$ cat structure_2.pdb   # PDB, C-alpha atoms, pLDDT in the B column
MODEL        1
ATOM      1  CA  MET A 197     -20.305 -80.705 274.467  1.00 49.00           C
ATOM      2  CA  ALA A 198     -22.405 -81.375 271.396  1.00 59.00           C
ATOM      3  CA  THR A 199     -26.120 -80.913 271.678  1.00 62.00           C
ATOM      4  CA  ALA A 200     -28.572 -82.898 269.609  1.00 62.00           C
ATOM      5  CA  THR A 201     -31.042 -81.008 267.495  1.00 56.00           C
ATOM      6  CA  THR A 202     -34.645 -81.233 268.652  1.00 75.00           C
ATOM      7  CA  ASP A 203     -36.022 -81.355 265.126  1.00 77.00           C
ATOM      8  CA  ARG A 204     -35.000 -84.478 263.253  1.00 82.00           C
ATOM      9  CA  LEU A 205     -36.107 -83.009 259.914  1.00 83.00           C
ATOM     10  CA  GLU A 206     -34.033 -79.816 260.189  1.00 88.00           C
ATOM     11  CA  PRO A 207     -31.110 -81.200 258.144  1.00 88.00           C
ATOM     12  CA  LEU A 208     -33.543 -82.372 255.474  1.00 90.00           C
ATOM     13  CA  GLY A 209     -35.139 -78.929 255.178  1.00 90.00           C
ATOM     14  CA  ILE A 210     -31.764 -77.226 254.994  1.00 91.00           C
ATOM     15  CA  GLY A 211     -30.533 -79.746 252.422  1.00 93.00           C
ATOM     16  CA  PHE A 212     -33.533 -79.259 250.153  1.00 93.00           C
ATOM     17  CA  GLY A 213     -33.254 -75.497 250.536  1.00 93.00           C
ATOM     18  CA  VAL A 214     -29.610 -75.546 249.473  1.00 94.00           C
ATOM     19  CA  LEU A 215     -30.473 -77.864 246.588  1.00 94.00           C
ATOM     20  CA  LEU A 216     -33.150 -75.450 245.352  1.00 94.00           C
ATOM     21  CA  VAL A 217     -30.716 -72.544 245.542  1.00 94.00           C
ATOM     22  CA  LEU A 218     -28.116 -74.487 243.557  1.00 94.00           C
ATOM     23  CA  VAL A 219     -30.674 -75.543 240.932  1.00 93.00           C
ATOM     24  CA  GLY A 220     -31.850 -71.945 240.541  1.00 92.00           C
ATOM     25  CA  ILE A 221     -28.299 -70.656 240.161  1.00 92.00           C
ATOM     26  CA  ALA A 222     -27.423 -73.431 237.697  1.00 91.00           C
ATOM     27  CA  THR A 223     -30.503 -72.563 235.656  1.00 87.00           C
ATOM     28  CA  LEU A 224     -29.518 -68.902 235.531  1.00 86.00           C
ATOM     29  CA  VAL A 225     -25.933 -69.717 234.582  1.00 88.00           C
ATOM     30  CA  GLY A 226     -26.986 -72.309 231.996  1.00 84.00           C
ATOM     31  CA  THR A 227     -29.316 -69.820 230.269  1.00 74.00           C
ATOM     32  CA  PRO A 228     -31.754 -72.372 228.828  1.00 70.00           C
ATOM     33  CA  TRP A 229     -33.671 -69.575 227.103  1.00 65.00           C
ATOM     34  CA  ALA A 230     -30.723 -68.935 224.793  1.00 69.00           C
ATOM     35  CA  HIS A 231     -31.431 -72.183 222.906  1.00 68.00           C
ATOM     36  CA  LYS A 232     -35.180 -71.785 222.399  1.00 65.00           C
ATOM     37  CA  SER A 233     -37.051 -69.475 220.095  1.00 71.00           C
ATOM     38  CA  GLY A 234     -40.004 -68.822 222.367  1.00 73.00           C
ATOM     39  CA  GLY A 235     -39.791 -65.077 222.518  1.00 79.00           C
ATOM     40  CA  ALA A 236     -39.455 -62.528 225.274  1.00 79.00           C
ATOM     41  CA  LEU A 237     -42.311 -63.904 227.362  1.00 82.00           C
ATOM     42  CA  LEU A 238     -40.607 -67.300 227.640  1.00 80.00           C
ATOM     43  CA  LEU A 239     -37.330 -65.620 228.584  1.00 81.00           C
ATOM     44  CA  VAL A 240     -39.000 -63.624 231.353  1.00 84.00           C
ATOM     45  CA  GLY A 241     -40.875 -66.670 232.626  1.00 85.00           C
ATOM     46  CA  GLN A 242     -37.796 -68.868 232.810  1.00 84.00           C
ATOM     47  CA  ALA A 243     -35.701 -66.166 234.462  1.00 86.00           C
ATOM     48  CA  PHE A 244     -38.467 -65.503 236.998  1.00 92.00           C
ATOM     49  CA  GLY A 245     -38.744 -69.224 237.729  1.00 89.00           C
ATOM     50  CA  ALA A 246     -35.010 -69.543 238.339  1.00 90.00           C
ATOM     51  CA  ILE A 247     -34.948 -66.497 240.618  1.00 93.00           C
ATOM     52  CA  ALA A 248     -38.035 -67.793 242.438  1.00 94.00           C
ATOM     53  CA  ALA A 249     -36.323 -71.155 242.991  1.00 93.00           C
ATOM     54  CA  VAL A 250     -33.374 -69.375 244.606  1.00 94.00           C
ATOM     55  CA  GLY A 251     -35.717 -67.349 246.824  1.00 94.00           C
ATOM     56  CA  ILE A 252     -37.844 -70.323 247.840  1.00 93.00           C
ATOM     57  CA  GLY A 253     -34.758 -72.432 248.551  1.00 93.00           C
ATOM     58  CA  ALA A 254     -33.189 -69.729 250.692  1.00 93.00           C
ATOM     59  CA  GLY A 255     -36.478 -69.242 252.536  1.00 93.00           C
ATOM     60  CA  LEU A 256     -36.839 -72.966 253.154  1.00 91.00           C
ATOM     61  CA  ALA A 257     -33.298 -73.270 254.497  1.00 91.00           C
ATOM     62  CA  TRP A 258     -33.820 -70.222 256.729  1.00 91.00           C
ATOM     63  CA  LEU A 259     -37.175 -71.537 257.959  1.00 91.00           C
ATOM     64  CA  ALA A 260     -35.745 -74.966 258.707  1.00 88.00           C
ATOM     65  CA  LYS A 261     -32.885 -73.405 260.665  1.00 83.00           C
ATOM     66  CA  ALA A 262     -35.092 -70.985 262.631  1.00 78.00           C
TER
ENDMDL
END

$ encode --input "structure_2.pdb" --output "structure tokens"
Amino acid sequence: MATATTDRLEPLGIGFGVLLVLVGIATLVGTPWAHKSGGALLLVGQAFGAIAAVGIGAGLAWLAKA
């Protein structure tokens, strides 16, 4: 017997969370900092942003599921 979810926005939260994780991973794999000459600070900032996107996406998906 299938039960309906009580929160209609749960799939939306999980979907956006997964999307953020995928965007963060794609950014890390694509290494956009390899094509710019912005220095070490830019490299650290872009890497931190990509890792933060993965963390926020995973947190959003977990929060939507909980």

$ closest_residue --input "structure_2.pdb" --among "A:Thr202, A:Ser233, A:Leu238, A:Phe244" --to "Ile221 (chain A)" --atoms "only C-alpha atoms"
A:Phe244

$ residues_around --input "structure_2.pdb" --residues "Ala260 (chain A)" --least-positions-apart "6" --cutoff "7 Å" --atoms "all atoms listed in the file" --output "PyMOL selection string"
chain A and resi 206+209-210

$ closest_residue --input "structure_2.pdb" --among "A:Leu205, A:Leu215, A:Ala222, A:Val240" --to "Ile252 (chain A)" --atoms "all atoms listed in the file"
A:Leu215

$ residues_near_point --input "structure_2.pdb" --point "(-35.9, -72.5, 248.8)" --cutoff "8 Å" --atoms "only C-alpha atoms" --output "VMD selection string"
chain A and resid 212 to 217 249 to 257

$ write_last_selection --input "structure_2.pdb" --atoms "C-alpha atoms" --output "compact mmCIF listing (two decimals), in the coordinates of the input"
# COMPACT_ATOMS: atom_id res chain seq x y z
CA PHE A 212 -33.53 -79.26 250.15
CA GLY A 213 -33.25 -75.50 250.54
CA VAL A 214 -29.61 -75.55 249.47
CA LEU A 215 -30.47 -77.86 246.59
CA LEU A 216 -33.15 -75.45 245.35
CA VAL A 217 -30.72 -72.54 245.54
CA ALA A 249 -36.32 -71.16 242.99
CA VAL A 250 -33.37 -69.38 244.61
CA GLY A 251 -35.72 -67.35 246.82
CA ILE A 252 -37.84 -70.32 247.84
CA GLY A 253 -34.76 -72.43 248.55
CA ALA A 254 -33.19 -69.73 250.69
CA GLY A 255 -36.48 -69.24 252.54
CA LEU A 256 -36.84 -72.97 253.15
CA ALA A 257 -33.30 -73.27 254.50

$ atom_distance --input "structure_2.pdb" --atom1 "CA of Pro228 (chain A)" --atom2 "CA of Ile247 (chain A)"
13.6 Å

$ atom_distance --input "structure_2.pdb" --atom1 "CA of Pro207 (chain A)" --atom2 "CA of Thr223 (chain A)"
24.1 Å

$ residues_around --input "structure_2.pdb" --residues "Gly241 (chain A)" --least-positions-apart "5" --cutoff "12 Å" --atoms "all atoms listed in the file" --output "PyMOL selection string"
chain A and resi 224+228-229+234-236+246-248

$ axis_aligned_box --input "structure_2.pdb" --around "region 235-248 of chain A" --padding-each-side "8 Å" --output "lines of an AutoDock Vina configuration file"
center_x = -38.6
center_y = -66.0
center_z = 232.5
size_x = 23.4
size_y = 23.0
size_z = 35.9

$ closest_residue --input "structure_2.pdb" --among "A:Arg204, A:Val219, A:Thr227, A:Ala262" --to "Ala243 (chain A)" --atoms "all atoms listed in the file"
A:Thr227
